Every structure is written in structure tokens, then in C-alpha cells.
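Chemist: My structure is in final-v9.txt, and what it holds is compact mmCIF, C-alpha atoms:
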# COMPACT_ATOMS: atom_id res chain seq x y z
CA MET U 1 128.71 90.51 95.44
CA ASP U 2 125.58 88.44 95.89
CA THR U 3 122.44 90.50 95.23
CA LEU U 4 118.97 89.48 96.36
CA ILE U 5 115.87 91.17 94.94
CA ILE U 6 112.74 90.65 97.01
CA GLY U 7 109.29 91.60 95.75
CA CYS U 8 106.84 92.16 98.60
CA GLY U 9 103.07 92.40 98.35
CA ASN U 10 99.81 90.54 97.90
CA LEU U 11 99.16 89.11 94.42
CA LEU U 12 95.41 89.25 95.06
CA ARG U 13 95.17 93.00 95.78
CA GLY U 14 95.70 95.02 92.62
CA ASP U 15 98.74 97.28 92.78
CA ASP U 16 99.95 95.63 95.99
CA ALA U 17 101.16 92.82 93.69
CA VAL U 18 103.80 95.03 92.06
CA GLY U 19 106.74 93.55 94.03
CA PRO U 20 106.06 89.87 93.31
CA ILE U 21 105.17 90.67 89.67
CA LEU U 22 108.42 92.59 89.21
CA VAL U 23 110.38 89.59 90.51
CA ARG U 24 108.54 87.30 88.07
CA VAL U 25 109.30 89.65 85.15
CA LEU U 26 112.99 89.67 86.08
CA ALA U 27 112.98 85.86 86.35
CA GLU U 28 111.44 85.54 82.87
CA ARG U 29 114.00 87.94 81.35
CA GLY U 30 116.94 86.44 83.22
CA VAL U 31 119.37 87.98 85.66
CA PRO U 32 123.19 87.88 85.80
CA PRO U 33 125.04 85.30 87.90
CA GLY U 34 125.15 86.27 91.56
CA VAL U 35 121.61 87.69 91.53
CA ARG U 36 118.86 85.84 93.37
CA LEU U 37 115.15 86.61 93.20
CA ALA U 38 112.57 86.01 95.92
CA ASP U 39 108.84 86.49 96.06
CA GLY U 40 108.46 87.94 99.54
CA GLY U 41 104.68 87.97 99.19
CA THR U 42 103.15 89.05 102.46
CA ALA U 43 105.45 86.94 104.66
CA GLY U 44 107.76 89.54 106.18
CA MET U 45 109.58 87.10 108.44
CA ASP U 46 110.52 84.98 105.43
CA VAL U 47 112.06 88.11 103.89
CA ALA U 48 114.41 88.41 106.87
CA PHE U 49 115.61 84.82 106.51
CA LYS U 50 116.13 85.15 102.74
CA MET U 51 118.52 88.07 103.32
CA ARG U 52 121.07 85.90 105.17
CA GLY U 53 124.51 86.38 103.66
CA ALA U 54 123.46 88.61 100.75
CA GLY U 55 125.80 91.52 100.11
CA HIS U 56 123.08 93.72 98.62
CA VAL U 57 119.32 93.39 99.12
CA ILE U 58 116.82 95.24 96.94
CA ILE U 59 113.23 95.33 98.18
CA VAL U 60 110.31 96.39 95.98
CA ASP U 61 106.83 97.04 97.38
CA ALA U 62 103.74 99.16 96.85
CA CYS U 63 102.88 102.09 99.09
CA ARG U 64 100.15 104.65 99.70
CA THR U 65 101.29 108.19 100.50
CA GLY U 66 98.74 110.25 98.58
CA GLN U 67 101.08 111.07 95.68
CA PRO U 68 100.15 110.32 92.05
CA PRO U 69 99.88 106.58 91.28
CA GLY U 70 103.05 105.18 89.78
CA THR U 71 105.35 107.56 91.67
CA LEU U 72 108.59 105.71 92.37
CA TYR U 73 110.42 106.27 95.64
CA GLN U 74 113.85 105.12 96.69
CA VAL U 75 113.90 105.06 100.49
CA PRO U 76 116.82 107.16 101.78
CA GLY U 77 119.51 105.26 103.67
CA GLU U 78 119.03 107.33 106.82
CA GLU U 79 115.46 106.05 107.06
CA LEU U 80 116.75 102.48 106.90
CA ALA U 81 118.95 103.26 109.90
CA GLN U 82 115.81 104.23 111.86
CA LEU U 83 113.96 100.94 111.64
CA PRO U 84 110.92 100.25 113.83
CA PRO U 85 111.28 98.24 117.04
CA ILE U 86 110.57 94.53 116.68
CA THR U 87 108.87 94.20 120.07
CA GLY U 88 105.11 93.81 120.12
CA LEU U 89 104.81 92.84 116.45
CA ASN U 90 102.39 90.28 115.12
CA LEU U 91 102.64 88.54 111.77
CA HIS U 92 99.72 90.50 110.30
CA ALA U 93 101.47 93.83 110.89
CA PHE U 94 104.89 92.69 109.63
CA ARG U 95 106.06 94.94 106.75
CA TRP U 96 109.32 95.28 104.80
CA ASP U 97 110.73 97.71 107.37
CA HIS U 98 109.95 95.27 110.17
CA ALA U 99 111.64 92.52 108.14
CA LEU U 100 114.77 94.66 107.93
CA ALA U 101 114.73 95.38 111.67
CA PHE U 102 114.11 91.70 112.47
CA GLY U 103 116.81 90.67 110.00
CA ARG U 104 119.35 93.04 111.56
CA TRP U 105 118.59 91.54 114.99
CA LEU U 106 118.53 87.91 113.77
CA LEU U 107 121.34 87.81 111.20
CA LYS U 108 123.88 90.02 112.96
CA GLU U 109 127.14 89.71 110.93
CA GLU U 110 125.24 87.96 108.10
CA TYR U 111 122.99 91.00 107.64
CA PRO U 112 123.44 92.58 104.19
CA SER U 113 125.96 95.40 103.97
CA ARG U 114 123.79 97.29 101.47
CA ILE U 115 120.00 97.62 101.27
CA THR U 116 117.96 99.48 98.69
CA VAL U 117 114.19 99.87 98.97
CA TYR U 118 111.96 100.96 96.09
CA LEU U 119 108.30 101.79 96.69
CA ILE U 120 105.73 102.39 93.97
CA GLU U 121 102.67 104.51 94.75
CA ALA U 122 99.54 102.36 94.37
CA GLU U 123 96.35 103.46 92.67
CA ASN U 124 94.14 100.48 93.46
CA LEU U 125 94.41 97.87 96.22
CA GLU U 126 91.10 96.10 95.56
CA PHE U 127 90.94 92.31 95.69
CA GLY U 128 91.08 90.64 92.29
CA ASP U 129 92.21 93.65 90.26
CA GLU U 130 95.27 93.72 88.01
CA LEU U 131 98.04 96.30 88.21
CA SER U 132 96.81 99.75 87.26
CA ARG U 133 98.37 101.34 84.18
CA PRO U 134 100.53 103.90 86.09
CA VAL U 135 101.88 101.21 88.42
CA ARG U 136 102.61 98.85 85.51
CA VAL U 137 104.54 101.63 83.72
CA ALA U 138 106.51 102.47 86.88
CA MET U 139 107.27 98.77 87.40
CA GLU U 140 108.53 98.38 83.83
CA ASN U 141 110.74 101.46 84.25
CA LEU U 142 112.14 100.00 87.48
CA VAL U 143 112.76 96.63 85.78
CA GLN U 144 114.79 98.42 83.10
CA ARG U 145 116.71 100.42 85.71
CA LEU U 146 117.49 97.35 87.82
CA THR U 147 118.49 95.32 84.74
CA ALA U 148 120.94 98.03 83.67
CA GLU U 149 122.40 98.28 87.20
CA LEU U 150 122.75 94.50 87.51
CA GLU U 151 124.44 94.22 84.12
CA LEU U 152 126.86 96.99 85.09
CA MET U 153 127.69 95.24 88.37
CA ALA U 154 128.15 91.91 86.56
CA ALA U 155 130.56 93.61 84.15
CA GLY U 156 132.66 94.80 87.08
CA GLY U 157 131.31 98.34 87.33
CA ASN U 158 129.62 99.83 90.34
Give the structure from this file in C-alpha cells form.

Modeler:
Amino acid sequence: MDTLIIGCGNLLRGDDAVGPILVRVLAERGVPPGVRLADGGTAGMDVAFKMRGAGHVIIVDACRTGQPPGTLYQVPGEELAQLPPITGLNLHAFRWDHALAFGRWLLKEEYPSRITVYLIEAENLEFGDELSRPVRVAMENLVQRLTAELELMAAGGN
């Protein structure tokens, strides 16, 4: 199964960069055959097009919910079934959930059969800052988790 990992976020805004940085870390460490990596940046529509034909898409992004920085969330599947409407959107308001809704509409039978979304609670979204320590730790833990899962899949496990 072809897996695509997309890191979303803005490299210039502190913890919002966690998705693209995670993808770069995975690229440096190497991924098994059948795994593609994409820096989704802040271009949500590009995310939808990159999903074409992938069997499994993993999206990583920062979030702000008021929980302790570095908290890792895996978005429940039932929430992915309740995607926002794509009408009335503009490119500046396009998020990962809009990309999924747009992708479902656009790709139809080429839409991924499995989607996993990981969100990491941000501490700091200021321009020019690096990842905060709690977000960096959470990202490293997620890199290890994803690496183990990908290796298991490559070995024929599930």
C-alpha cells in the first residue's frame, strides 16, 4: 500500500512548523519503499492533489486547543467523516480538514481509503521562532512511532 505523509504548517511561525519539520526529519532518516513524503506547507489545495491514488495518507499539523503544549492528538475517524463543506472557502482559510473535504470531492475513486491525522498542541506561533521544547519532544516521539509503524507495514505486518 502506498503511504503518503504530509506535514502541514508554516515554517516561519514557531510551532506551526512542526508538520513540515517532521517530514524533513523522516526524509533525512529514510523511509521504506512505498512511502512518500510531502511538505504541505500552508497550501491546502496542494495537499488534496498530492493525495491522489495513495492508499493511506497521514497528515501532521499543529493545533491550538488550550491543552498543554506538546499534547499529541490522533483525530478520530468519525470526525474525518464529518468534514467541513467546501463551498465559500478561500485559499487563506484552507486547512487540512478542508483539503480532505476538497480531495474527497475532487479525487472520487482515487481518494485514499485510509486517512490518519495527528495534531500537536502548539506553545508558540510567533514569527521567526523555532519549535518549542514540548513540541519538539512530541514531534520526535511521533517520528519514532511513525517509523515503527512504517517498518512494520513494510515487513508485511499491519

Chemist: For segment 50-64 of chain U, please output as a VMD selection string all residues within 7 Å (counting only C-alpha atoms; exclusion window: fewer than 6 positions along the same chain).

Modeler: chain U and resid 1 to 9 15 to 16 18 to 19 107 110 to 122

Chemist: Please determine an axis-aligned box that encloses all atoms of segment 50-58 of chain U listed in the file, with 5 Å added on each side, and express its centre and edge lengths in Å to one decimal as JSON.

Modeler:
{"center_x": 121.0, "center_y": 90.2, "center_z": 101.1, "size_x": 19.7, "size_y": 20.1, "size_z": 18.2}

Chemist: For a test of reading the model, state the distance in Å between atom CA of Gly66 of chain U and atom CA of Gly128 of chain U, rounded to one decimal.

Modeler: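 Distance reported for this atom pair: 22.0 Å.
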
Chemist: Find the spatial neighbours of segment 25-31 of chain U, counting all atoms listed in the file, within a cut-off of 12 Å - ignore same-chain residues fewer than 4 positions away - and output them as a ChimeraX atom specification.

Modeler: /U:2-7,18-21,35-39,136,139-154

Chemist: Atoms to include: C-alpha atoms. Write the selected residues as a JSON list (two decimals), in the coordinates of the input.

Modeler:
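Saved to result.json:
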[["chain", "number", "residue", "atom", "x", "y", "z"],
["U", 2, "ASP", "CA", 125.58, 88.44, 95.89],
["U", 3, "THR", "CA", 122.44, 90.50, 95.23],
["U", 4, "LEU", "CA", 118.97, 89.48, 96.36],
["U", 5, "ILE", "CA", 115.87, 91.17, 94.94],
["U", 6, "ILE", "CA", 112.74, 90.65, 97.01],
["U", 7, "GLY", "CA", 109.29, 91.60, 95.75],
["U", 18, "VAL", "CA", 103.80, 95.03, 92.06],
["U", 19, "GLY", "CA", 106.74, 93.55, 94.03],
["U", 20, "PRO", "CA", 106.06, 89.87, 93.31],
["U", 21, "ILE", "CA", 105.17, 90.67, 89.67],
["U", 35, "VAL", "CA", 121.61, 87.69, 91.53],
["U", 36, "ARG", "CA", 118.86, 85.84, 93.37],
["U", 37, "LEU", "CA", 115.15, 86.61, 93.20],
["U", 38, "ALA", "CA", 112.57, 86.01, 95.92],
["U", 39, "ASP", "CA", 108.84, 86.49, 96.06],
["U", 136, "ARG", "CA", 102.61, 98.85, 85.51],
["U", 139, "MET", "CA", 107.27, 98.77, 87.40],
["U", 140, "GLU", "CA", 108.53, 98.38, 83.83],
["U", 141, "ASN", "CA", 110.74, 101.46, 84.25],
["U", 142, "LEU", "CA", 112.14, 100.00, 87.48],
["U", 143, "VAL", "CA", 112.76, 96.63, 85.78],
["U", 144, "GLN", "CA", 114.79, 98.42, 83.10],
["U", 145, "ARG", "CA", 116.71, 100.42, 85.71],
["U", 146, "LEU", "CA", 117.49, 97.35, 87.82],
["U", 147, "THR", "CA", 118.49, 95.32, 84.74],
["U", 148, "ALA", "CA", 120.94, 98.03, 83.67],
["U", 149, "GLU", "CA", 122.40, 98.28, 87.20],
["U", 150, "LEU", "CA", 122.75, 94.50, 87.51],
["U", 151, "GLU", "CA", 124.44, 94.22, 84.12],
["U", 152, "LEU", "CA", 126.86, 96.99, 85.09],
["U", 153, "MET", "CA", 127.69, 95.24, 88.37],
["U", 154, "ALA", "CA", 128.15, 91.91, 86.56]]

Chemist: What does the structure give for the distance between atom CA of Asp129 of chain U and atom CA of Leu22 of chain U, in Å to one decimal?

Modeler: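 So the answer is 16.3 Å.
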
Chemist: Give me, please, the distance in Å between atom CA of Ser132 of chain U and atom CA of Leu12 of chain U, quoted to one decimal.

Modeler: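 Separation between atom CA of Ser132 of chain U and atom CA of Leu12 of chain U: 13.2 Å.
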
Chemist: Pick the closest to Gly41 of chain U from U:Leu131, U:Leu11, U:Leu72, U:Val23: which is it, counting all atoms listed in the file?

Modeler: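 With all atoms listed in the file as the atom set, the closest residue is U:Leu11.
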
Chemist: Taking into account only C-alpha atoms, which residue in the set U:Ala155, U:Ala138, U:Ala48, U:Ala17 is nearest to Trp96 of chain U?

Modeler: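 Closest residue, counting only C-alpha atoms: U:Ala48.
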